[in-house]
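Enquirer: mmCIF, C-alpha atoms and all ligand atoms, saved as query_15.cif, coming up:
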```
data_upload
loop_
_atom_site.label_atom_id
_atom_site.label_comp_id
_atom_site.auth_asym_id
_atom_site.auth_seq_id
_atom_site.Cartn_x
_atom_site.Cartn_y
_atom_site.Cartn_z
CA MET A 1 -162.16 -71.95 25.41
CA ASN A 2 -161.24 -68.28 25.29
CA ASP A 3 -163.85 -66.35 27.39
CA GLU A 4 -164.14 -63.64 24.75
CA ILE A 5 -165.23 -66.23 22.15
CA ILE A 6 -167.83 -67.77 24.46
CA GLN A 7 -169.27 -64.32 25.15
CA LEU A 8 -169.29 -63.41 21.47
CA LEU A 9 -171.02 -66.65 20.47
CA SER A 10 -173.74 -66.32 23.09
CA ALA A 11 -174.31 -62.64 22.20
CA LEU A 12 -174.58 -63.66 18.54
CA GLN A 13 -177.36 -66.12 19.33
CA GLY A 14 -179.70 -63.24 20.16
CA TYR A 15 -179.12 -61.66 16.75
CA LEU A 16 -179.40 -64.74 14.57
CA SER A 17 -182.48 -65.06 12.35
CA GLN A 18 -183.15 -61.32 12.55
CA VAL A 19 -181.86 -60.83 9.01
CA THR A 20 -183.64 -62.07 5.90
CA PRO A 21 -181.85 -62.88 2.62
CA SER A 22 -183.41 -59.81 0.97
CA ASP A 23 -181.77 -57.55 3.61
CA LEU A 24 -178.28 -58.70 2.64
CA HIS A 25 -177.84 -56.42 -0.39
CA LYS A 26 -178.97 -53.38 1.61
CA LEU A 27 -176.66 -53.77 4.60
CA GLU A 28 -173.73 -51.40 4.94
CA THR A 29 -170.61 -52.65 6.66
CA PRO A 30 -169.43 -50.53 9.62
CA PRO A 31 -166.51 -48.24 8.68
CA ILE A 32 -162.91 -49.02 9.68
CA LEU A 33 -162.09 -46.29 12.22
CA ASN A 34 -159.58 -45.62 14.96
CA GLN A 35 -162.28 -46.54 17.48
CA ALA A 36 -163.96 -49.94 17.77
CA ALA A 37 -167.34 -50.24 16.09
CA ASP A 38 -170.50 -50.31 18.17
CA ASN A 39 -171.07 -53.82 19.51
CA ASP A 40 -174.71 -54.02 18.38
CA VAL A 41 -173.79 -52.93 14.84
CA LEU A 42 -171.01 -55.49 14.74
CA LEU A 43 -173.13 -58.36 16.01
CA ALA A 44 -175.91 -57.54 13.54
CA MET A 45 -173.31 -57.61 10.76
CA LEU A 46 -171.90 -60.96 11.91
CA SER A 47 -175.36 -62.51 12.04
CA ALA A 48 -175.98 -61.18 8.50
CA LEU A 49 -172.78 -62.88 7.36
CA ILE A 50 -173.98 -66.15 8.87
CA GLU A 51 -177.31 -65.70 7.08
CA GLU A 52 -175.49 -65.17 3.77
CA GLY A 53 -173.48 -68.39 4.27
CA SER A 54 -176.64 -70.33 5.10
CA ILE A 55 -177.44 -70.41 1.36
CA HIS A 56 -175.58 -73.75 1.42
CA GLN A 57 -177.94 -75.18 4.02
CA SER A 58 -180.68 -75.82 1.54
CA GLU A 59 -181.98 -78.87 -0.32
CA THR A 60 -181.80 -76.79 -3.51
CA TRP A 61 -178.17 -75.65 -3.18
CA ALA A 62 -176.46 -77.12 -6.26
CA ALA A 63 -174.61 -74.16 -7.76
CA HIS A 64 -171.03 -74.88 -6.77
CA MET A 65 -168.56 -77.25 -5.06
CA THR A 66 -169.13 -75.51 -1.72
CA PRO A 67 -170.77 -77.75 0.88
CA THR A 68 -172.01 -77.03 4.39
CA ILE A 69 -169.37 -77.74 7.02
CA SER A 70 -169.96 -80.56 9.49
CA ALA A 71 -169.95 -79.74 13.21
CA SER A 72 -166.70 -81.61 13.89
CA SER A 73 -164.94 -79.77 11.04
CA LEU A 74 -166.14 -76.43 12.40
CA LEU A 75 -164.81 -77.36 15.81
CA GLY A 76 -161.47 -78.31 14.22
CA HIS A 77 -161.44 -74.93 12.44
CA LEU A 78 -162.05 -73.07 15.66
CA ILE A 79 -159.41 -75.05 17.55
CA ALA A 80 -156.92 -74.39 14.74
CA GLY A 81 -157.52 -70.66 15.28
CA LEU A 82 -157.12 -70.97 19.03
CA HIS A 83 -153.93 -73.02 18.61
CA ASN A 84 -152.43 -70.92 15.80
CA GLY A 85 -149.17 -72.88 15.77
CA ASN A 86 -146.67 -72.75 12.93
CA LEU A 87 -145.28 -76.11 11.80
CA LEU A 88 -142.15 -74.44 10.43
CA SER A 89 -141.13 -75.05 14.07
CA PRO A 90 -142.57 -78.55 14.65
CA GLN A 91 -140.49 -79.10 17.80
CA ILE A 92 -142.59 -76.44 19.59
CA TYR A 93 -145.89 -78.11 18.62
CA PRO A 94 -145.29 -81.88 18.90
CA LEU A 95 -148.99 -82.74 19.19
CA LEU A 96 -150.01 -80.70 16.14
CA ALA A 97 -147.06 -82.15 14.18
CA THR A 98 -148.14 -85.71 15.11
CA ILE A 99 -151.73 -85.05 14.05
CA GLU A 100 -150.55 -83.60 10.73
CA GLN A 101 -148.39 -86.66 10.06
CA GLN A 102 -151.16 -89.09 11.07
CA THR A 103 -153.58 -87.41 8.64
CA LEU A 104 -150.98 -87.36 5.85
CA ASP A 105 -150.14 -91.05 6.42
CA TYR A 106 -153.83 -91.91 6.10
CA LEU A 107 -154.14 -89.92 2.84
CA CYS A 108 -150.91 -91.41 1.41
CA LYS A 109 -152.27 -94.91 1.97
CA LEU A 110 -155.62 -94.00 0.43
CA PHE A 111 -154.04 -92.45 -2.69
CA GLN A 112 -151.20 -95.03 -2.92
CA GLN A 113 -148.49 -92.33 -2.69
CA GLN A 114 -145.38 -92.10 -0.53
CA HIS A 115 -145.07 -88.42 0.41
CA ALA A 116 -147.60 -85.65 0.97
CA HIS A 117 -148.17 -82.22 2.43
CA PHE A 118 -151.14 -79.96 2.96
CA ILE A 119 -151.58 -76.86 0.82
CA ALA A 120 -154.21 -74.11 0.53
CA GLY A 121 -156.00 -75.36 -2.61
CA SER A 122 -155.57 -77.26 -5.84
CA SER A 123 -154.62 -74.13 -7.79
CA TYR A 124 -151.46 -73.99 -5.66
CA ALA A 125 -151.08 -77.78 -5.77
CA ASN A 126 -151.18 -77.83 -9.59
CA LEU A 127 -148.55 -75.08 -9.67
CA GLU A 128 -146.27 -76.89 -7.22
CA ALA A 129 -146.63 -80.26 -8.99
CA LEU A 130 -145.63 -78.73 -12.34
CA TRP A 131 -142.76 -76.86 -10.63
CA GLN A 132 -141.49 -80.22 -9.33
CA ALA A 133 -141.99 -81.80 -12.75
CA LYS A 134 -139.94 -79.02 -14.34
CA GLN A 135 -137.10 -79.59 -11.85
CA GLN A 136 -137.08 -83.36 -12.30
CA CYS A 137 -137.62 -83.85 -16.03
CA ALA A 138 -135.64 -81.47 -18.15
CA ASN A 139 -136.33 -83.18 -21.49
CA SER A 140 -139.10 -80.86 -22.74
CA ASN A 141 -141.17 -77.83 -21.72
CA ILE A 142 -144.51 -79.09 -23.08
CA ILE A 143 -147.49 -79.88 -20.87
CA TYR A 144 -150.47 -81.81 -22.26
CA THR A 145 -153.84 -81.69 -20.61
CA SER A 146 -157.43 -81.90 -21.79
CA ARG A 147 -159.50 -78.94 -22.94
CA ALA A 148 -161.70 -79.52 -19.89
CA ALA A 149 -158.84 -79.19 -17.36
CA HIS A 150 -159.06 -76.54 -14.65
CA TYR A 151 -157.75 -73.08 -15.59
CA SER A 152 -155.13 -73.25 -12.81
CA ILE A 153 -153.07 -75.52 -15.10
CA ALA A 154 -152.86 -72.69 -17.64
CA LYS A 155 -151.93 -70.24 -14.87
CA ALA A 156 -149.22 -72.60 -13.58
CA CYS A 157 -147.75 -73.00 -17.08
CA GLN A 158 -147.63 -69.26 -17.53
CA ILE A 159 -145.88 -68.74 -14.17
CA LEU A 160 -143.38 -71.55 -14.86
CA ASP A 161 -142.80 -70.57 -18.49
CA LEU A 162 -144.05 -73.96 -19.76
CA LYS A 163 -145.87 -74.50 -23.05
CA LEU A 164 -149.42 -75.78 -22.57
CA GLU A 165 -151.09 -77.77 -25.33
CA PHE A 166 -154.69 -78.93 -25.08
CA ILE A 167 -155.80 -82.42 -26.07
CA ASP A 168 -159.31 -82.91 -27.44
CA THR A 169 -162.01 -84.57 -25.38
CA ASP A 170 -164.99 -86.75 -26.27
CA GLU A 171 -168.61 -85.54 -25.91
CA ASN A 172 -168.41 -86.33 -22.17
CA ASP A 173 -165.38 -84.11 -21.62
CA GLN A 174 -162.96 -87.03 -21.17
CA LEU A 175 -159.50 -86.69 -22.68
CA LEU A 176 -159.06 -88.80 -25.84
CA PRO A 177 -156.03 -91.08 -25.24
CA GLU A 178 -155.39 -91.63 -28.96
CA GLN A 179 -155.09 -87.84 -29.41
CA LEU A 180 -152.73 -87.69 -26.44
CA LEU A 181 -150.58 -90.44 -27.93
CA LYS A 182 -150.51 -88.67 -31.29
CA ALA A 183 -149.42 -85.41 -29.62
CA CYS A 184 -146.70 -87.22 -27.63
CA ASN A 185 -145.37 -88.87 -30.78
CA ASN A 186 -145.20 -85.44 -32.32
CA GLN A 187 -143.55 -83.66 -29.38
CA THR A 188 -142.38 -85.40 -26.21
CA PRO A 189 -143.99 -83.81 -23.14
CA LEU A 190 -142.44 -82.74 -19.87
CA ALA A 191 -145.69 -83.65 -18.11
CA ILE A 192 -149.21 -84.90 -18.71
CA VAL A 193 -151.99 -83.64 -16.45
CA ALA A 194 -155.02 -85.92 -16.17
CA THR A 195 -158.16 -84.72 -14.41
CA ALA A 196 -160.19 -86.94 -12.09
CA GLY A 197 -163.40 -84.93 -11.94
CA THR A 198 -163.44 -81.96 -14.32
CA SER A 199 -164.76 -78.68 -12.93
CA THR A 200 -167.68 -78.37 -15.34
CA ILE A 201 -169.21 -81.84 -15.61
CA GLY A 202 -167.09 -83.92 -13.24
CA ALA A 203 -165.61 -86.17 -15.96
CA ILE A 204 -162.79 -88.54 -15.11
CA ASP A 205 -160.06 -88.83 -17.75
CA PRO A 206 -158.90 -92.36 -18.68
CA LEU A 207 -156.33 -92.48 -15.89
CA ASN A 208 -154.72 -95.82 -16.78
CA ASP A 209 -154.17 -94.74 -20.40
CA CYS A 210 -152.66 -91.43 -19.29
CA ILE A 211 -150.34 -93.24 -16.87
CA ALA A 212 -149.22 -95.71 -19.58
CA ILE A 213 -148.58 -92.93 -22.13
CA ALA A 214 -146.63 -90.84 -19.60
CA GLN A 215 -144.46 -93.87 -18.81
CA GLN A 216 -143.89 -94.57 -22.52
CA PHE A 217 -142.53 -91.02 -22.99
CA ASN A 218 -140.78 -90.76 -19.63
CA ALA A 219 -142.99 -87.80 -18.73
CA TRP A 220 -144.27 -86.69 -15.32
CA LEU A 221 -147.90 -87.70 -14.70
CA HIS A 222 -149.90 -85.37 -12.46
CA ILE A 223 -153.52 -86.15 -11.56
CA ASP A 224 -155.74 -83.23 -10.63
CA ALA A 225 -158.26 -85.07 -8.43
CA ALA A 226 -159.37 -81.88 -6.65
CA TRP A 227 -163.04 -82.84 -7.03
CA GLY A 228 -163.21 -86.54 -8.02
CA GLY A 229 -160.62 -87.72 -5.48
CA ALA A 230 -163.45 -87.76 -2.92
CA LEU A 231 -164.66 -91.07 -4.41
CA ILE A 232 -161.50 -92.86 -3.34
CA ILE A 233 -163.05 -93.46 0.08
CA LEU A 234 -165.65 -95.81 -1.48
CA PRO A 235 -164.73 -99.50 -2.00
CA GLU A 236 -166.76 -99.63 -5.24
CA TYR A 237 -164.41 -97.07 -6.92
CA GLN A 238 -161.15 -98.85 -6.09
CA SER A 239 -160.73 -100.31 -9.59
CA LEU A 240 -160.94 -96.81 -11.12
CA PHE A 241 -158.03 -95.70 -8.93
CA ALA A 242 -156.12 -99.02 -9.04
CA LYS A 243 -152.94 -97.63 -10.64
CA LEU A 244 -152.56 -94.41 -8.67
CA SER A 245 -149.25 -95.63 -7.24
CA GLN A 246 -147.76 -95.05 -10.71
CA ALA A 247 -148.69 -91.35 -10.83
CA ASP A 248 -145.90 -88.90 -9.98
CA SER A 249 -148.20 -86.48 -8.17
CA ILE A 250 -151.87 -86.19 -7.22
CA CYS A 251 -153.83 -83.36 -5.65
CA PHE A 252 -157.16 -83.57 -3.83
CA ASP A 253 -159.35 -80.96 -2.11
CA PRO A 254 -161.24 -82.19 0.97
CA HIS A 255 -162.75 -78.67 0.99
CA LYS A 256 -164.80 -79.52 -2.10
CA ALA A 257 -166.57 -82.83 -1.59
CA TRP A 258 -165.66 -83.96 1.92
CA GLN A 259 -167.49 -81.10 3.66
CA GLN A 260 -164.33 -79.42 4.94
CA PRO A 261 -163.79 -75.69 5.39
CA LYS A 262 -161.30 -73.98 3.06
CA PRO A 263 -158.30 -74.20 2.98
CA ALA A 264 -157.97 -78.00 2.96
CA SER A 265 -156.03 -79.48 0.08
CA VAL A 266 -153.40 -82.19 -0.11
CA LEU A 267 -150.60 -82.71 -2.64
CA LEU A 268 -149.15 -86.22 -2.82
CA TYR A 269 -145.98 -87.48 -4.48
CA LYS A 270 -144.49 -90.83 -5.46
CA GLN A 271 -140.91 -89.62 -4.79
CA PRO A 272 -139.59 -87.28 -2.11
CA LEU A 273 -139.43 -83.61 -3.13
CA LYS A 274 -136.20 -82.61 -4.81
CA PRO A 275 -134.32 -79.91 -2.88
CA MET A 276 -134.88 -76.74 -4.92
CA PHE A 277 -132.33 -74.56 -3.17
CA ASP A 278 -129.76 -74.78 -0.46
CA ILE A 279 -130.70 -72.23 2.15
CA THR A 280 -130.47 -72.45 5.91
CA ILE A 281 -132.62 -70.02 7.85
CA ASP A 282 -130.89 -69.17 11.10
CA TYR A 283 -134.07 -68.34 13.04
CA LEU A 284 -135.59 -71.80 12.31
CA GLU A 285 -134.49 -75.05 13.98
CA CYS A 286 -135.25 -77.08 10.83
CA SER A 287 -134.60 -76.20 7.18
CA PRO A 288 -137.71 -74.86 5.43
CA PRO A 289 -139.58 -77.48 3.35
CA ASN A 290 -139.05 -77.71 -0.41
CA SER A 291 -142.78 -77.33 -0.99
CA LEU A 292 -144.62 -74.12 -1.91
CA PRO A 293 -146.34 -73.32 1.44
CA GLY A 294 -144.46 -71.39 4.10
CA SER A 295 -146.09 -70.83 7.49
CA ARG A 296 -148.81 -73.37 8.19
CA GLY A 297 -150.78 -74.65 11.12
CA GLY A 298 -153.82 -76.71 11.98
CA GLU A 299 -156.14 -74.68 9.70
CA LEU A 300 -155.10 -76.96 6.81
CA PHE A 301 -155.85 -80.30 8.48
CA LEU A 302 -157.37 -80.12 12.00
CA PRO A 303 -160.97 -79.98 10.65
CA LEU A 304 -160.30 -83.04 8.46
CA TRP A 305 -158.49 -84.93 11.22
CA LEU A 306 -161.38 -84.31 13.63
CA THR A 307 -163.87 -85.49 10.98
CA LEU A 308 -161.91 -88.71 10.33
CA VAL A 309 -161.23 -89.51 13.97
CA GLY A 310 -164.37 -88.05 15.54
CA ASN A 311 -166.98 -89.26 13.02
CA GLY A 312 -165.20 -92.32 11.61
CA ILE A 313 -164.61 -93.35 7.99
CA HIS A 314 -168.06 -94.94 7.65
CA SER A 315 -169.73 -91.60 8.18
CA LEU A 316 -167.62 -90.03 5.39
CA GLN A 317 -168.39 -92.96 3.09
CA GLN A 318 -172.12 -92.51 3.73
CA GLN A 319 -171.86 -88.78 3.04
CA VAL A 320 -170.18 -89.38 -0.36
CA GLN A 321 -172.52 -92.25 -1.25
CA SER A 322 -175.61 -90.28 -0.40
CA ARG A 323 -174.70 -87.26 -2.56
CA LEU A 324 -173.79 -89.53 -5.50
CA GLN A 325 -177.17 -91.22 -5.08
CA GLN A 326 -178.98 -87.88 -5.20
CA ALA A 327 -177.07 -86.93 -8.38
CA GLN A 328 -178.08 -90.25 -9.97
CA LEU A 329 -181.75 -89.76 -9.01
CA PHE A 330 -181.68 -86.26 -10.48
CA TYR A 331 -180.14 -87.56 -13.72
CA GLU A 332 -182.70 -90.38 -14.03
CA HIS A 333 -185.61 -88.06 -13.36
CA LEU A 334 -184.53 -85.56 -16.02
CA LYS A 335 -183.97 -88.40 -18.46
CA GLN A 336 -187.50 -89.71 -17.92
CA ARG A 337 -189.35 -86.42 -17.90
CA THR A 338 -187.55 -84.32 -20.52
CA ASN A 339 -185.85 -84.49 -23.87
CA TRP A 340 -183.04 -82.19 -22.67
CA ILE A 341 -179.44 -83.15 -23.42
CA ILE A 342 -178.03 -84.41 -20.13
CA TYR A 343 -174.38 -84.89 -19.22
CA PRO A 344 -174.09 -87.25 -16.24
CA SER A 345 -170.87 -88.00 -14.39
CA SER A 346 -169.78 -90.52 -11.79
CA THR A 347 -168.55 -87.76 -9.47
CA GLY A 348 -171.84 -86.04 -8.58
CA ILE A 349 -172.30 -83.27 -11.17
CA VAL A 350 -175.21 -83.29 -13.62
CA CYS A 351 -175.25 -80.75 -16.48
CA PHE A 352 -178.24 -80.27 -18.79
CA HIS A 353 -178.90 -78.31 -21.94
CA ILE A 354 -182.45 -77.04 -22.51
CA ASP A 355 -183.58 -75.31 -25.71
CA ASP A 356 -182.19 -71.77 -26.09
CA SER A 357 -185.58 -70.15 -25.40
CA THR A 358 -185.76 -71.52 -21.83
CA ASP A 359 -184.02 -69.20 -19.42
CA LEU A 360 -183.11 -70.40 -15.91
CA THR A 361 -181.11 -67.28 -15.02
CA ALA A 362 -183.42 -66.61 -12.05
CA LEU A 363 -182.48 -70.02 -10.59
CA VAL A 364 -178.79 -69.30 -11.21
CA ASP A 365 -179.12 -65.98 -9.35
CA GLU A 366 -180.65 -67.82 -6.40
CA GLY A 367 -177.65 -70.15 -6.19
CA ILE A 368 -179.65 -73.22 -7.24
CA PHE A 369 -177.75 -74.03 -10.45
CA SER A 370 -174.72 -72.54 -12.18
CA GLN A 371 -174.10 -72.01 -15.89
CA ALA A 372 -171.30 -73.45 -17.98
CA THR A 373 -170.42 -74.53 -21.53
CA VAL A 374 -169.95 -78.12 -22.67
CA SER A 375 -169.00 -78.94 -26.28
CA GLY A 376 -169.92 -75.38 -27.25
CA GLU A 377 -173.45 -75.70 -25.76
CA LYS A 378 -174.70 -73.56 -22.89
CA VAL A 379 -175.62 -75.88 -20.01
CA TYR A 380 -177.00 -75.57 -16.51
CA ARG A 381 -174.95 -77.34 -13.88
CA ALA A 382 -176.14 -79.09 -10.71
CA VAL A 383 -173.32 -79.87 -8.28
CA PHE A 384 -174.05 -82.43 -5.58
CA ALA A 385 -171.26 -81.48 -3.16
CA ASP A 386 -173.36 -81.88 -0.06
CA PRO A 387 -175.74 -84.67 1.04
CA ILE A 388 -178.20 -81.94 2.02
CA THR A 389 -178.86 -81.25 -1.71
CA LYS A 390 -181.89 -83.30 -2.75
CA SER A 391 -182.92 -84.37 -6.21
CA ALA A 392 -186.65 -84.11 -5.36
CA ALA A 393 -186.27 -80.48 -4.23
CA LEU A 394 -184.44 -79.55 -7.45
CA ILE A 395 -187.09 -81.30 -9.54
CA THR A 396 -189.81 -79.29 -7.76
CA VAL A 397 -187.99 -76.09 -8.70
CA LEU A 398 -187.69 -77.24 -12.34
CA GLU A 399 -191.31 -78.47 -12.60
CA PRO A 400 -192.60 -75.26 -14.32
CA TYR A 401 -190.01 -75.73 -17.10
CA PHE A 402 -190.88 -79.37 -17.97
C1 LIG B 501 -160.60 -79.91 -11.16
C2 LIG B 501 -160.19 -78.72 -10.36
N1 LIG B 501 -158.88 -78.50 -10.16
C3 LIG B 501 -158.44 -77.46 -9.44
C4 LIG B 501 -159.31 -76.56 -8.88
C5 LIG B 501 -158.78 -75.39 -8.09
O1 LIG B 501 -159.04 -75.59 -6.74
P1 LIG B 501 -158.93 -74.41 -5.66
O2 LIG B 501 -160.09 -73.51 -5.94
O3 LIG B 501 -159.00 -75.14 -4.37
O4 LIG B 501 -157.63 -73.74 -5.86
C6 LIG B 501 -160.69 -76.75 -9.07
C7 LIG B 501 -161.67 -75.80 -8.51
O5 LIG B 501 -162.85 -75.89 -8.69
C8 LIG B 501 -161.14 -77.87 -9.82
O6 LIG B 501 -162.44 -78.09 -10.05
#
```
Step by step, read the file and then write its structure as structure tokens.

Expert:
Amino acid sequence: MNDEIIQLLSALQGYLSQVTPSDLHKLETPPILNQAADNDVLLAMLSALIEEGSIHQSETWAAHMTPTISASSLLGHLIAGLHNGNLLSPQIYPLLATIEQQTLDYLCKLFQQQHAHFIAGSSYANLEALWQAKQQCANSNIIYTSRAAHYSIAKACQILDLKLEFIDTDENDQLLPEQLLKACNNQTPLAIVATAGTSTIGAIDPLNDCIAIAQQFNAWLHIDAAWGGALIILPEYQSLFAKLSQADSICFDPHKAWQQPKPASVLLYKQPLKPMFDITIDYLECSPPNSLPGSRGGELFLPLWLTLVGNGIHSLQQQVQSRLQQAQLFYEHLKQRTNWIIYPSSTGIVCFHIDDSTDLTALVDEGIFSQATVSGEKVYRAVFADPITKSAALITVLEPYF
């Protein structure tokens, strides 16, 4: 490894644990000057940054879809930085190109798709999938998705000049297929976007119904599985995902529920990408890909590859199973002990509505829960993105409010 990095890491060790969370708001970052900053000031700042990120390393971290990163993923991240190759020139980096393809082949098999590439996040993936849909199906400019879909779908429609129409959901935030059918009969869509794991409560839309309706109207079917796609690794969820091979595109974010560092997202397609333009770039040996990303290297997939190869699939299955178990325990406990309205989901998010006079803002500020709205009600949201998050620890925090 680069000597400078080894020196930096060992110097950092001496500074770690010198900062407390309450110091973080008071710290001033060193100024950007012509001269390098003082080493001690810099190391103290880096250790403070590590302290800030350690908020995830707690049994009561349930605010967001941001897990701690496993050691093998961190190593992959570091190696990606040291390598810093660009796969726009794959012939220069044959090993990195082989690893990328091996990881994509594994994900294609898992998600029953034929083609895939890595991308920086599902916001970009949703945009690219709708861009492809627009190129391939010119029969309409209408996109249907549920009211609970991620806001990146609305952004993508605005960028692509597509008309977005929302379909109602049931009380558990799942798209209502009969409403979708009615809308399609009214106006044929260009594409239907189903969500497998909504951002607020983790609901999975009726995927098979959405697929069948899209086929009936010859529309593109995109599945945003950014969050819920993590479950595909478990044998017990195979029936839920049985018809994925019929979707036109699917996106999934290993950086949400597979303990990977950002950016780690994959966009998968049933058909090869349609050439969007005919350009040859004379400084590249190969033509640029038809996908959205330009320069890319191991940062998108080396952490995931090292997790899959280095830890094995069983370890990932256990990680997903154990966080789903904790979410279930949390749900059951709240159900037994309170009369709060609880919104469970199969993907590891539990939302709950308490009476309006109970205020958990202090717990939200500490990063324990987040706040959201479901069916017009203000709810608190517990996200089990990490097996470190424990139901018992969250219950202890909530005890004074029971
Ligand atoms: C369902 C869903 N889709 C898409 C996204 C966007 O993902 P990213 O933040 O990686 O762009 C999110 C983010 O939380 C999400 O929950």

Enquirer: With only C-alpha atoms as the counted atoms, please give the residues lying no more than 9 Å from stretch 167-184 of chain A, apart from itself and same-chain residues fewer than 2 positions off, as a PyMOL selection string.

Expert: chain A and resi 144-148+165+186-189+192+194-195+198+200-206+209-210+213-214+217+343-345+374-375

Enquirer: Can you tell me, as a PyMOL selection string, which residues sit within 10 Å of (-152.8, -74.5, 20.5) in the file's frame, using all atoms listed in the file?

Expert: chain A and resi 79-86+93+95-96+297-298

Enquirer: Which residues sit within 8 Å of ligand LIG 501 (chain B), counting all atoms listed in the file, listed as a PyMOL selection string?

Expert: chain A and resi 65+120-126+149-152+195-200+202+224-228+253+255-256+262-265

Enquirer: Would you output that residue set with C-alpha atoms, as a PDB file, in the coordinates of the input?

Expert:
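Final output, again.pdb:
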```pdb
ATOM      1  CA  MET A  65    -168.560 -77.250  -5.060  1.00  0.00           C
ATOM      2  CA  ALA A 120    -154.210 -74.110   0.530  1.00  0.00           C
ATOM      3  CA  GLY A 121    -156.000 -75.360  -2.610  1.00  0.00           C
ATOM      4  CA  SER A 122    -155.570 -77.260  -5.840  1.00  0.00           C
ATOM      5  CA  SER A 123    -154.620 -74.130  -7.790  1.00  0.00           C
ATOM      6  CA  TYR A 124    -151.460 -73.990  -5.660  1.00  0.00           C
ATOM      7  CA  ALA A 125    -151.080 -77.780  -5.770  1.00  0.00           C
ATOM      8  CA  ASN A 126    -151.180 -77.830  -9.590  1.00  0.00           C
ATOM      9  CA  ALA A 149    -158.840 -79.190 -17.360  1.00  0.00           C
ATOM     10  CA  HIS A 150    -159.060 -76.540 -14.650  1.00  0.00           C
ATOM     11  CA  TYR A 151    -157.750 -73.080 -15.590  1.00  0.00           C
ATOM     12  CA  SER A 152    -155.130 -73.250 -12.810  1.00  0.00           C
ATOM     13  CA  THR A 195    -158.160 -84.720 -14.410  1.00  0.00           C
ATOM     14  CA  ALA A 196    -160.190 -86.940 -12.090  1.00  0.00           C
ATOM     15  CA  GLY A 197    -163.400 -84.930 -11.940  1.00  0.00           C
ATOM     16  CA  THR A 198    -163.440 -81.960 -14.320  1.00  0.00           C
ATOM     17  CA  SER A 199    -164.760 -78.680 -12.930  1.00  0.00           C
ATOM     18  CA  THR A 200    -167.680 -78.370 -15.340  1.00  0.00           C
ATOM     19  CA  GLY A 202    -167.090 -83.920 -13.240  1.00  0.00           C
ATOM     20  CA  ASP A 224    -155.740 -83.230 -10.630  1.00  0.00           C
ATOM     21  CA  ALA A 225    -158.260 -85.070  -8.430  1.00  0.00           C
ATOM     22  CA  ALA A 226    -159.370 -81.880  -6.650  1.00  0.00           C
ATOM     23  CA  TRP A 227    -163.040 -82.840  -7.030  1.00  0.00           C
ATOM     24  CA  GLY A 228    -163.210 -86.540  -8.020  1.00  0.00           C
ATOM     25  CA  ASP A 253    -159.350 -80.960  -2.110  1.00  0.00           C
ATOM     26  CA  HIS A 255    -162.750 -78.670   0.990  1.00  0.00           C
ATOM     27  CA  LYS A 256    -164.800 -79.520  -2.100  1.00  0.00           C
ATOM     28  CA  LYS A 262    -161.300 -73.980   3.060  1.00  0.00           C
ATOM     29  CA  PRO A 263    -158.300 -74.200   2.980  1.00  0.00           C
ATOM     30  CA  ALA A 264    -157.970 -78.000   2.960  1.00  0.00           C
ATOM     31  CA  SER A 265    -156.030 -79.480   0.080  1.00  0.00           C
TER      32      SER A 265
END
```

Enquirer: So, with only C-alpha atoms as the atoms that count, which of A:His115, A:Lys270, A:Arg323, A:Lys163 lies closest to A:Pro67?

Expert: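 Checking each candidate against A:Pro67, we get A:Arg323 as the closest.
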
Enquirer: Can you work out which one of A:Asp359, A:Val320, A:Lys378, A:Thr66 has the shortest atom-to-atom distance to A:Ile342, counting all atoms listed in the file?

Expert: A:Lys378

Enquirer: Which one is closest to A:Thr307: A:Ala154, A:Ala44, A:Gln319, A:Val364? Count only C-alpha atoms.

Expert: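 For A:Thr307, the nearest of the candidates is A:Gln319.
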
Enquirer: What gap, in Å, lies between atom CA of A:Leu78 and atom CA of A:Leu42?

Expert: 19.8 Å

Enquirer: Between A:Asp40, A:Asp23, A:Pro90, A:Ala362, which one has atoms that come closest to A:Pro288, using only C-alpha atoms?

Expert: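 Going through A:Asp40, A:Asp23, A:Pro90, A:Ala362 one by one, the smallest distance to A:Pro288 is for A:Pro90.
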
Enquirer: Using Å and a single decimal, report how far atom CA of A:Val350 sits from atom CA of A:Arg337.

Expert: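 Result for atom CA of A:Arg337 versus atom CA of A:Val350: 15.1 Å, one decimal.
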
Enquirer: One decimal, Å: what's the distance from atom CA of A:Ala392 over to atom CA of A:Ile69, could you say?

Expert: 22.2 Å
